[in-house]
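Participant: Okay, handing you the structure first.
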Amino acid sequence: MNPHRKRAKTVDRVDSADSALVSSESTQMRPFPSKPLSVDRVKSVESSESGRMRPFKDKILFVDRVDSVESSESSRTSQFSDKISGFDRADSVEARVDSAGSTRMSRFPDEVLERVLALVDSHKDRSAVSLVCKEWYNAERWSRRHVFIGNCYSVSPEIVAARFPRIRSVTLKGKPRFSDFNLVPEDWGADVQPWLSVFSTAYPFLEELRLKRMAVTDESLEFLAKKFHGFKALSLLSCDGFSTDGLKAIATHCKNLTELDIQENGIDDLGGHWLSCFPDSLTSLEILNFASLNSEVSFDALEKLVSRCKSLRVLKVNRNISLDQLQKLLSHCPQLMELGTGTFMQELISGPVTEFKNMFSNCRNLITLSGLWDATPLYLPVIYPACARLTFLNLSYATLRSDELSNLLSHCKSLRRLWLLDTVGDKGLEAVGSCCPLLEELRVFPADPFDQEILLGVTESGFVSVSRGCPKLRYVLYFCRQMTNAAVATIAQNCPDFTHFRLCIMNPGQPDYLTKEPMDEAFGAIVKTCTKLQRLAISGLLTDRTFEYIGKYAKNLETLSVAFAGSSDLGMEYVLQGCQKLRKLEIRDCPFGNAALLSGLTKYESMRSLWMSACNVTMNACRVLAKERPRLNVEVMRDEEGGDDSQANKVYVYRTVAGPRKDAPPFVLTL
Amino acid sequence: MATEGLGLDITELRLGLPGVGEAKREKKRVFLDILGGGSEADPSDDTGGGGDGKNRNIGVVVGWPPVCSYRKRAIIKMYVKVSMDGAPFLRKIDINGFKGYSDFVRALENLFGLGDECEYTPIYEDKDGDWMLVGDVPWEMFTETCKRLRMKKRVSDGGLQTKA
C-alpha cells in the first residue's frame, strides 16, 4: 500500500481531533469509491481542545456547516446528514487543483467530477464532499452555485468570495430569532450592505438573494438593482430598515426579475407606487408576493403586469385587492400554483356569488391558497372548486369559526399543510382530524395572544382530535391556554413521526391544568416517542426533569427553544451534554447560571448559536467563555438603564471564523 | 387583581420618563413568582406564587407569547376610543398606525387641537382595567394592552386632576 502511504503526506486530510485519521493507516485512505456520491463520512470532531489542531485553524471555514435551510427538503433525505466537523480545509482556498498524477486520489478528471458534483444540491452533502480530499474540495468549491449562510457574522463576505468563485445564489440570515419578539434592540446589526459590496465585484452575475432577519436599506436595494445586471430573485423575510422606495428601485432596474417575495418585514410603507415601476417590457416574473404591504397599488398596473407575465406561478396580493379585482387577475393567470388573495369580502356585490364561483374552477394548478382576509361564510364557498387539489391552506389571517372551517375542510382532502387561527376552536380542529388524513403540518396561531380569557382559543382536546385523524403529522406549532401531560402523551402515541414540535402554553409557567403538576411528562413523552425530532419548543411549568428527558432521548434534536422553565443549572447541562446534534439553543427567563453556561464550553463551536436572556449569567462567566474559546463571539447586550453591571442580561454566543464584529453598536459588548 | 405578586409599583402613577428602571426587575419578579417563591413576593398576596396562572398579567412580559410583530399588527387592527377631560365627544385612534410614543402623543394632541403648551397628559386603561400613565411600558407592550385612552388635564402643581 505504498502509494497510499505517500499520498497520506501530500494529500491534505480533513482536520480531526482524532489523530488516527491523519495517519496513513486511516480508514479514509481508500481508493476512489465506485459511486462518487456515497462518500464515507468524515469522523466528527469531538472537541478542539485536544490541541491537535492543524496549522490552518485560523482560516477555518464554517460556511458549509449546518447549512440546511429549514425548508430545504433535500438535506433531510441526504445520506450525509451526520454531523461533520466544521474544520474545513482552508489552505486550499488559494491552491490550484493539482494535476500531478502522484498526488491525485481520483481517477476522474476534474471536469467530470465537477459535473457530477454540480448535481449535488444539499448543503450538508456538499459539506461532506468538500471534506474528502483536496481535489474534491476544489471541485466542490468551483461547482457550487448556491451558498447558505445561517449566521451572517459567522463568516465574512471576503472569505465566502475567496472560497466560492462561482456563486449565483445566496441565502443569508442575520439577527437571532428572538429579535422577532422585540428582544433585540434596533440597530443591532446584520446589515446586508457589506455583503453586497463584496458580491458586486466577486459575483457580478449574482441572480438570487434570500435574506432573513437582515437590516436592509433602500440604498442597498438600489445598489442591488443597479450593480447586478442579471439579478433575478429577491426574497426578504422578517427584514427591516427599508421602505417601498427600495422596492421601486428593484422594479425599475431589474430587467430579468423572476421573483419578488416580500414577507413580514418591518417595512416603511410609503405607498403602492413601486408596483407601477415595473416596465412594460418586463415579462419574466414568476413569483410576486406583496401580501404584507398595506398600501394600495395601482390595479391597472397590476393587471397589466399579471397579463404579460405568462410564467407567473405565485401571486400573493395585499388586503386592498377586492374580490372583483381578484377575479380579473385570475382570468389572466389561470396557470397559478400559489395564490394569496386580498380581502375576501365585499361591501357591495357587483355580481352574484356564483359568478365568483367560477374564478377558481379554471385554476387547475392551484395547490397553495392564503390571504382570505375577512373571509365570511358568504364568500368562502367561492374557493370550494379549488379545494380538492390544495396541499397548503393558510387561514392564519382569516377569523373563521368552527362551522365555517368545517364546511371548507370537507372539500380539502389533499391537504398536507394547514395554518389556522385559534378562533376555529376545538370543534374546528375536530374537523381537521376528520377531513385531512394526509396532513403533515399544522400551525394554530392565537387571534388574541394577550387576552386572559381562558374560554377562547383551542385546548388540549383540539390537539388530540387532530392527532387521531392525522397520523402523518410531523410539524406542529400550537398556541393554547391549557394543556395536560396525558393529552400530549396521547398525541405522541398517535403521531410518532414528529420532526418539529412547538407547543406554546401562553401563560408562562402554567402547569397541567387538571393535575396541577409540571408539564415534564408531556415533553418526556414527546422525546421518548418521536425519535426523529429535530426542533422542539417547550412551555408551561417545567422542572429540570424535562431537560433530563431531552438530554437523554432527543438525540436528533437540532433546535431547542426554552422560556420560563427549569429549576437549576442542571437543566441546561443535561441538554448540552445529551443532545449531540444540537445547533441552536435559545433560552429566556430561566434560572440557568454560570455553571450551566460554562458546561457547554466545548460544545458551542459545534453549534450555530446560543441565546440566553434574563437568566442568571454574569459578565465574568461570559469573559471566561470568551477567553477559553477564541473562535466564539461572546456578545453581551447592555440594558439602557444600566441596572446591575455584573449581570449579563442578554448573551449571544456563536462560532465564527470572521473574528469579533467590526460593526457592533455601543450596546453590544464583544468579550 | 392581576397585579398581585407583582407588587403595586406597576400601577403607580408617575411622571417619570418611559421605561426607566422597572422593566428588568419586573421581569425577574414575574419569573420568581412563576417558580412559586422569591423573597420579593408581597406577603399579603393570597394567590401565592406559581401554580394557577390565571390572574397573571401577561402583558408585563416583553416578547411573550412569541408571536412575531408582523402578525401582532396584522391581527389586532385596533381603534381605541380617546376621551378628554371637558370634551363632549370622544375620538378614535388606531394605535397600530404609529411606531412609537412621540408620533402617537403628537397625533393625540392633534386630535383635540392641542398645541405644544399642552395642559393634558394621556393616560390609558389597560386590559386589567387599571388606568396607567402613557409612556411607562415599552411601545409594543402598550399597543398590546391599551384598551382606551383619556387626556387628563393637568392641575397647577403639575399633577393630574383626580376628579373624574
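Letters A, B, ... go to the chains of the C-alpha cells in the order shown; residues in each chain start at 1; ligands are counted from 1 in the same order.
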Pick out the chain A residues within 8 Å of chain B. Count only C-alpha atoms. Give them as a PyMOL selection string.
Facilitator: chain A and resi 180-183+264-266+397+447-452+504+506-511+513+516+564+589-590+614+641+643
Participant: Taking the chain letters and numbering used in this document, name the residues of range 427-474 of chain A that DSSP puts in strand (DSSP E), as a PyMOL selection string.
Facilitator: chain A and resi 441-445
Participant: Could you save the residues just selected, with N, CA and C atoms, as a PDB file, in the first residue's frame?
Facilitator:
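Listing of out.pdb after writing:
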ATOM      1  N   GLU A 441     -48.504  19.049   8.397  1.00  0.00           N
ATOM      2  CA  GLU A 441     -48.126  20.228   9.154  1.00  0.00           C
ATOM      3  C   GLU A 441     -49.368  20.992   9.597  1.00  0.00           C
ATOM      4  N   LEU A 442     -49.379  21.374  10.879  1.00  0.00           N
ATOM      5  CA  LEU A 442     -50.474  22.181  11.408  1.00  0.00           C
ATOM      6  C   LEU A 442     -49.891  23.303  12.250  1.00  0.00           C
ATOM      7  N   ARG A 443     -50.341  24.527  11.978  1.00  0.00           N
ATOM      8  CA  ARG A 443     -49.957  25.655  12.826  1.00  0.00           C
ATOM      9  C   ARG A 443     -51.222  26.368  13.269  1.00  0.00           C
ATOM     10  N   VAL A 444     -51.370  26.523  14.575  1.00  0.00           N
ATOM     11  CA  VAL A 444     -52.533  27.220  15.120  1.00  0.00           C
ATOM     12  C   VAL A 444     -52.046  28.458  15.850  1.00  0.00           C
ATOM     13  N   PHE A 445     -52.374  29.628  15.335  1.00  0.00           N
ATOM     14  CA  PHE A 445     -51.915  30.888  15.895  1.00  0.00           C
ATOM     15  C   PHE A 445     -52.991  31.502  16.778  1.00  0.00           C
TER      16      PHE A 445
END
Participant: Which residue gives the smallest distance to Thr143 in chain B among B:Trp131, B:Ser102, B:Tyr124, B:Val82, with only C-alpha atoms counted?
Facilitator: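 Smallest separation from Thr143 in chain B among the options: B:Tyr124.
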Participant: Please list as a list in words every residue within 12 Å of Ser83 in chain B, counting only C-alpha atoms and excluding residues in the same chain fewer than 5 positions away.
Facilitator: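 These residues fall inside the cut-off: Pro88, Phe89, Leu90, Arg91, Lys92, Ile93, Leu108, Glu109, Leu111, Phe112, Tyr120, Thr121, Pro122, Ile123, Tyr124, Glu125, Arg148, Leu149, Arg150, Met151, Lys152, Lys153 and Ala164 of chain B.
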Participant: Just write the chosen residues, N, CA, C and O atoms, as a PDB file, in the first residue's frame.
Facilitator:
ATOM      1  N   PRO B  88     -66.998  67.144  25.006  1.00  0.00           N
ATOM      2  CA  PRO B  88     -68.293  66.478  24.975  1.00  0.00           C
ATOM      3  C   PRO B  88     -68.332  65.248  24.085  1.00  0.00           C
ATOM      4  O   PRO B  88     -69.306  64.518  24.057  1.00  0.00           O
ATOM      5  N   PHE B  89     -67.296  65.005  23.314  1.00  0.00           N
ATOM      6  CA  PHE B  89     -67.324  63.855  22.408  1.00  0.00           C
ATOM      7  C   PHE B  89     -65.980  63.126  22.466  1.00  0.00           C
ATOM      8  O   PHE B  89     -64.962  63.690  22.853  1.00  0.00           O
ATOM      9  N   LEU B  90     -66.008  61.870  22.032  1.00  0.00           N
ATOM     10  CA  LEU B  90     -64.805  61.049  22.020  1.00  0.00           C
ATOM     11  C   LEU B  90     -64.234  60.973  20.609  1.00  0.00           C
ATOM     12  O   LEU B  90     -64.931  61.214  19.635  1.00  0.00           O
ATOM     13  N   ARG B  91     -62.997  60.609  20.522  1.00  0.00           N
ATOM     14  CA  ARG B  91     -62.398  60.367  19.217  1.00  0.00           C
ATOM     15  C   ARG B  91     -61.906  58.929  19.200  1.00  0.00           C
ATOM     16  O   ARG B  91     -61.881  58.265  20.238  1.00  0.00           O
ATOM     17  N   LYS B  92     -61.495  58.489  18.008  1.00  0.00           N
ATOM     18  CA  LYS B  92     -60.924  57.152  17.916  1.00  0.00           C
ATOM     19  C   LYS B  92     -59.587  57.237  17.214  1.00  0.00           C
ATOM     20  O   LYS B  92     -59.393  58.033  16.306  1.00  0.00           O
ATOM     21  N   ILE B  93     -58.676  56.408  17.644  1.00  0.00           N
ATOM     22  CA  ILE B  93     -57.347  56.434  17.027  1.00  0.00           C
ATOM     23  C   ILE B  93     -56.829  55.006  16.867  1.00  0.00           C
ATOM     24  O   ILE B  93     -57.076  54.149  17.709  1.00  0.00           O
ATOM     25  N   LEU B 108     -52.294  62.362  19.160  1.00  0.00           N
ATOM     26  CA  LEU B 108     -53.348  62.524  20.156  1.00  0.00           C
ATOM     27  C   LEU B 108     -53.636  63.999  20.374  1.00  0.00           C
ATOM     28  O   LEU B 108     -54.785  64.430  20.446  1.00  0.00           O
ATOM     29  N   GLU B 109     -52.558  64.749  20.490  1.00  0.00           N
ATOM     30  CA  GLU B 109     -52.732  66.179  20.708  1.00  0.00           C
ATOM     31  C   GLU B 109     -53.422  66.831  19.521  1.00  0.00           C
ATOM     32  O   GLU B 109     -54.286  67.687  19.668  1.00  0.00           O
ATOM     33  N   LEU B 111     -55.547  65.440  17.544  1.00  0.00           N
ATOM     34  CA  LEU B 111     -56.952  65.021  17.523  1.00  0.00           C
ATOM     35  C   LEU B 111     -57.848  66.050  18.209  1.00  0.00           C
ATOM     36  O   LEU B 111     -58.976  66.283  17.793  1.00  0.00           O
ATOM     37  N   PHE B 112     -57.320  66.585  19.271  1.00  0.00           N
ATOM     38  CA  PHE B 112     -58.137  67.522  20.033  1.00  0.00           C
ATOM     39  C   PHE B 112     -57.699  68.965  19.845  1.00  0.00           C
ATOM     40  O   PHE B 112     -58.129  69.838  20.581  1.00  0.00           O
ATOM     41  N   TYR B 120     -52.588  68.812  28.873  1.00  0.00           N
ATOM     42  CA  TYR B 120     -53.149  67.480  29.062  1.00  0.00           C
ATOM     43  C   TYR B 120     -52.085  66.391  29.021  1.00  0.00           C
ATOM     44  O   TYR B 120     -51.128  66.478  28.264  1.00  0.00           O
ATOM     45  N   THR B 121     -52.297  65.371  29.828  1.00  0.00           N
ATOM     46  CA  THR B 121     -51.420  64.213  29.828  1.00  0.00           C
ATOM     47  C   THR B 121     -52.251  62.985  29.459  1.00  0.00           C
ATOM     48  O   THR B 121     -53.340  62.799  30.015  1.00  0.00           O
ATOM     49  N   PRO B 122     -51.776  62.179  28.560  1.00  0.00           N
ATOM     50  CA  PRO B 122     -52.557  60.989  28.197  1.00  0.00           C
ATOM     51  C   PRO B 122     -52.389  59.868  29.218  1.00  0.00           C
ATOM     52  O   PRO B 122     -51.279  59.584  29.677  1.00  0.00           O
ATOM     53  N   ILE B 123     -53.504  59.278  29.555  1.00  0.00           N
ATOM     54  CA  ILE B 123     -53.458  58.049  30.361  1.00  0.00           C
ATOM     55  C   ILE B 123     -54.286  57.002  29.624  1.00  0.00           C
ATOM     56  O   ILE B 123     -55.072  57.338  28.738  1.00  0.00           O
ATOM     57  N   TYR B 124     -54.083  55.728  29.989  1.00  0.00           N
ATOM     58  CA  TYR B 124     -54.823  54.692  29.265  1.00  0.00           C
ATOM     59  C   TYR B 124     -55.300  53.612  30.226  1.00  0.00           C
ATOM     60  O   TYR B 124     -54.710  53.382  31.279  1.00  0.00           O
ATOM     61  N   GLU B 125     -56.341  52.949  29.804  1.00  0.00           N
ATOM     62  CA  GLU B 125     -56.856  51.828  30.580  1.00  0.00           C
ATOM     63  C   GLU B 125     -56.315  50.547  29.956  1.00  0.00           C
ATOM     64  O   GLU B 125     -56.448  50.335  28.756  1.00  0.00           O
ATOM     65  N   ARG B 148     -58.379  51.757  26.122  1.00  0.00           N
ATOM     66  CA  ARG B 148     -58.858  53.083  25.759  1.00  0.00           C
ATOM     67  C   ARG B 148     -58.001  54.149  26.421  1.00  0.00           C
ATOM     68  O   ARG B 148     -57.259  53.877  27.337  1.00  0.00           O
ATOM     69  N   LEU B 149     -58.186  55.366  25.933  1.00  0.00           N
ATOM     70  CA  LEU B 149     -57.322  56.467  26.342  1.00  0.00           C
ATOM     71  C   LEU B 149     -58.122  57.626  26.889  1.00  0.00           C
ATOM     72  O   LEU B 149     -59.296  57.804  26.567  1.00  0.00           O
ATOM     73  N   ARG B 150     -57.430  58.406  27.690  1.00  0.00           N
ATOM     74  CA  ARG B 150     -58.069  59.614  28.172  1.00  0.00           C
ATOM     75  C   ARG B 150     -57.012  60.704  28.285  1.00  0.00           C
ATOM     76  O   ARG B 150     -55.896  60.454  28.716  1.00  0.00           O
ATOM     77  N   MET B 151     -57.400  61.898  27.899  1.00  0.00           N
ATOM     78  CA  MET B 151     -56.492  63.044  28.058  1.00  0.00           C
ATOM     79  C   MET B 151     -56.866  63.737  29.369  1.00  0.00           C
ATOM     80  O   MET B 151     -57.932  64.329  29.481  1.00  0.00           O
ATOM     81  N   LYS B 152     -55.962  63.606  30.341  1.00  0.00           N
ATOM     82  CA  LYS B 152     -56.248  64.178  31.654  1.00  0.00           C
ATOM     83  C   LYS B 152     -55.677  65.581  31.743  1.00  0.00           C
ATOM     84  O   LYS B 152     -54.529  65.834  31.349  1.00  0.00           O
ATOM     85  N   LYS B 153     -56.461  66.457  32.307  1.00  0.00           N
ATOM     86  CA  LYS B 153     -55.995  67.814  32.441  1.00  0.00           C
ATOM     87  C   LYS B 153     -55.027  67.909  33.614  1.00  0.00           C
ATOM     88  O   LYS B 153     -55.267  67.350  34.677  1.00  0.00           O
ATOM     89  N   ALA B 164     -63.012  62.988  38.436  1.00  0.00           N
ATOM     90  CA  ALA B 164     -63.372  62.319  37.165  1.00  0.00           C
ATOM     91  C   ALA B 164     -63.831  63.289  36.096  1.00  0.00           C
ATOM     92  O   ALA B 164     -64.530  64.237  36.401  1.00  0.00           O
TER      93      ALA B 164
END
Participant: Neighbours of Phe231 in chain A within 8 Å (only C-alpha atoms; same-chain residues fewer than 3 positions away dropped), as a PyMOL selection string?
Facilitator: chain A and resi 205-208+225+228+254-257
Participant: Need the shell around Ser295 in chain A: protein/DNA/RNA residues with any atom at most 10 Å away, counting only C-alpha atoms. Skip same-chain ones fewer than 2 positions apart. Format as a compact mmCIF listing (two decimals) with C-alpha atoms, in the first residue's frame?
Facilitator:
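Once everything was written out, this is out.txt:
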# COMPACT_ATOMS: atom_id res chain seq x y z
CA THR A 244 -41.29 50.87 -0.60
CA ASP A 269 -44.85 51.59 3.58
CA LEU A 270 -44.85 54.88 1.72
CA GLY A 271 -47.37 53.91 -0.90
CA GLY A 272 -48.03 51.45 -3.65
CA HIS A 273 -46.31 53.29 -6.48
CA PHE A 290 -46.66 41.68 -1.67
CA SER A 292 -47.76 42.04 3.74
CA LEU A 293 -47.70 45.55 2.31
CA VAL A 297 -51.15 49.56 -5.60
CA SER A 298 -52.45 50.61 -8.98
CA ASN A 318 -52.40 42.50 -0.39
CA ARG A 319 -55.55 43.22 1.51
CA ASN A 320 -56.57 46.12 -0.71
Participant: For Pro279 in chain A, please output as a list in words all residues within 9 Å (counting only C-alpha atoms; exclusion window: fewer than 2 positions along the same chain).
Facilitator: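 Those residues are Ala251, Thr252, His253, Lys255, Ser276, Cys277, Ser281, Leu282, Thr283 and Leu305 of chain A.
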Participant: With only C-alpha atoms as the basis for distance, which of A:Met607, A:Leu302, A:Ala648, A:Leu275 is at the shortest distance from Ala621 in chain A?
Facilitator: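 Selected residue with least distance to Ala621 in chain A: A:Ala648.
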Participant: Write out as a list in words which residues come within 8 Å of Phe164 in chain A when counting only C-alpha atoms, dropping same-chain ones fewer than 4 positions away.
Facilitator: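 Everything that qualifies: Arg141, Trp142, Arg144 and Val160 of chain A.
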Participant: For the selection just defined, write its residues with C-alpha atoms to a file, as an mmCIF file, in the first residue's frame.
Facilitator:
data_model
loop_
_atom_site.group_PDB
_atom_site.id
_atom_site.type_symbol
_atom_site.label_atom_id
_atom_site.label_comp_id
_atom_site.auth_asym_id
_atom_site.auth_seq_id
_atom_site.Cartn_x
_atom_site.Cartn_y
_atom_site.Cartn_z
ATOM 1 C CA ARG A 141 -15.968 24.901 -4.430
ATOM 2 C CA TRP A 142 -15.797 25.526 -8.157
ATOM 3 C CA ARG A 144 -21.072 25.396 -6.037
ATOM 4 C CA VAL A 160 -17.013 33.450 1.146
#
Participant: Could you give me, as an NGL selection string, each residue of range 405-578 of chain A that DSSP assigns to alpha helix (DSSP H) when run on this structure's backbone?
Facilitator: :A and (405-409 or 425-435 or 460-469 or 485-494 or 520-529 or 544-553 or 569-578)
Participant: Could the residues in this selection be saved with C-alpha atoms as a PDB file, in the first residue's frame?
Facilitator:
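Final output, selection.pdb:
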ATOM      1  CA  LEU A 405     -63.846  25.806   8.777  1.00  0.00           C
ATOM      2  CA  SER A 406     -65.620  22.506   8.894  1.00  0.00           C
ATOM      3  CA  ASN A 407     -67.550  23.255   5.725  1.00  0.00           C
ATOM      4  CA  LEU A 408     -64.435  24.375   3.970  1.00  0.00           C
ATOM      5  CA  LEU A 409     -62.280  21.444   5.010  1.00  0.00           C
ATOM      6  CA  GLY A 425     -61.720  26.322  18.421  1.00  0.00           C
ATOM      7  CA  ASP A 426     -61.517  22.672  19.351  1.00  0.00           C
ATOM      8  CA  LYS A 427     -64.521  21.929  17.208  1.00  0.00           C
ATOM      9  CA  GLY A 428     -62.744  23.284  14.184  1.00  0.00           C
ATOM     10  CA  LEU A 429     -59.795  21.072  14.967  1.00  0.00           C
ATOM     11  CA  GLU A 430     -62.066  18.063  15.161  1.00  0.00           C
ATOM     12  CA  ALA A 431     -62.978  18.844  11.571  1.00  0.00           C
ATOM     13  CA  VAL A 432     -59.295  18.922  10.697  1.00  0.00           C
ATOM     14  CA  GLY A 433     -58.881  15.482  12.172  1.00  0.00           C
ATOM     15  CA  SER A 434     -61.782  14.069  10.237  1.00  0.00           C
ATOM     16  CA  CYS A 435     -61.211  15.735   6.883  1.00  0.00           C
ATOM     17  CA  GLU A 460     -55.607  20.070  24.553  1.00  0.00           C
ATOM     18  CA  SER A 461     -58.747  18.476  23.260  1.00  0.00           C
ATOM     19  CA  GLY A 462     -58.443  20.007  19.810  1.00  0.00           C
ATOM     20  CA  PHE A 463     -54.851  18.901  19.511  1.00  0.00           C
ATOM     21  CA  VAL A 464     -55.744  15.355  20.467  1.00  0.00           C
ATOM     22  CA  SER A 465     -58.517  15.290  17.856  1.00  0.00           C
ATOM     23  CA  VAL A 466     -56.109  16.285  15.154  1.00  0.00           C
ATOM     24  CA  SER A 467     -53.566  13.699  16.235  1.00  0.00           C
ATOM     25  CA  ARG A 468     -56.168  10.980  15.992  1.00  0.00           C
ATOM     26  CA  GLY A 469     -57.163  11.840  12.463  1.00  0.00           C
ATOM     27  CA  ASN A 485     -49.497  15.731  30.271  1.00  0.00           C
ATOM     28  CA  ALA A 486     -51.898  12.979  29.367  1.00  0.00           C
ATOM     29  CA  ALA A 487     -53.035  14.737  26.233  1.00  0.00           C
ATOM     30  CA  VAL A 488     -49.505  15.260  24.968  1.00  0.00           C
ATOM     31  CA  ALA A 489     -48.650  11.638  25.710  1.00  0.00           C
ATOM     32  CA  THR A 490     -51.636  10.574  23.616  1.00  0.00           C
ATOM     33  CA  ILE A 491     -50.617  12.925  20.842  1.00  0.00           C
ATOM     34  CA  ALA A 492     -47.118  11.481  20.823  1.00  0.00           C
ATOM     35  CA  GLN A 493     -48.507   7.971  20.539  1.00  0.00           C
ATOM     36  CA  ASN A 494     -50.753   8.979  17.678  1.00  0.00           C
ATOM     37  CA  ASP A 520     -42.372  17.463  32.357  1.00  0.00           C
ATOM     38  CA  GLU A 521     -44.027  14.218  31.399  1.00  0.00           C
ATOM     39  CA  ALA A 522     -45.586  15.778  28.339  1.00  0.00           C
ATOM     40  CA  PHE A 523     -42.275  16.658  26.777  1.00  0.00           C
ATOM     41  CA  GLY A 524     -40.798  13.456  28.101  1.00  0.00           C
ATOM     42  CA  ALA A 525     -43.366  11.564  26.104  1.00  0.00           C
ATOM     43  CA  ILE A 526     -42.585  13.552  23.008  1.00  0.00           C
ATOM     44  CA  VAL A 527     -38.840  12.989  23.082  1.00  0.00           C
ATOM     45  CA  LYS A 528     -39.161   9.339  24.005  1.00  0.00           C
ATOM     46  CA  THR A 529     -41.629   8.512  21.269  1.00  0.00           C
ATOM     47  CA  ASP A 544     -35.112  20.053  35.373  1.00  0.00           C
ATOM     48  CA  ARG A 545     -36.721  16.713  34.666  1.00  0.00           C
ATOM     49  CA  THR A 546     -37.900  17.938  31.278  1.00  0.00           C
ATOM     50  CA  PHE A 547     -34.329  18.714  30.351  1.00  0.00           C
ATOM     51  CA  GLU A 548     -33.160  15.390  31.680  1.00  0.00           C
ATOM     52  CA  TYR A 549     -35.580  13.734  29.276  1.00  0.00           C
ATOM     53  CA  ILE A 550     -34.499  15.921  26.414  1.00  0.00           C
ATOM     54  CA  GLY A 551     -30.835  15.223  27.011  1.00  0.00           C
ATOM     55  CA  LYS A 552     -31.439  11.536  27.320  1.00  0.00           C
ATOM     56  CA  TYR A 553     -33.800  10.916  24.426  1.00  0.00           C
ATOM     57  CA  ASP A 569     -28.196  24.787  36.156  1.00  0.00           C
ATOM     58  CA  LEU A 570     -28.662  21.070  35.730  1.00  0.00           C
ATOM     59  CA  GLY A 571     -31.433  21.649  33.249  1.00  0.00           C
ATOM     60  CA  MET A 572     -29.244  23.354  30.708  1.00  0.00           C
ATOM     61  CA  GLU A 573     -26.388  20.996  31.458  1.00  0.00           C
ATOM     62  CA  TYR A 574     -28.486  17.955  30.625  1.00  0.00           C
ATOM     63  CA  VAL A 575     -29.270  19.365  27.222  1.00  0.00           C
ATOM     64  CA  LEU A 576     -25.735  20.419  26.412  1.00  0.00           C
ATOM     65  CA  GLN A 577     -24.390  17.041  27.391  1.00  0.00           C
ATOM     66  CA  GLY A 578     -27.040  14.862  25.845  1.00  0.00           C
TER      67      GLY A 578
END
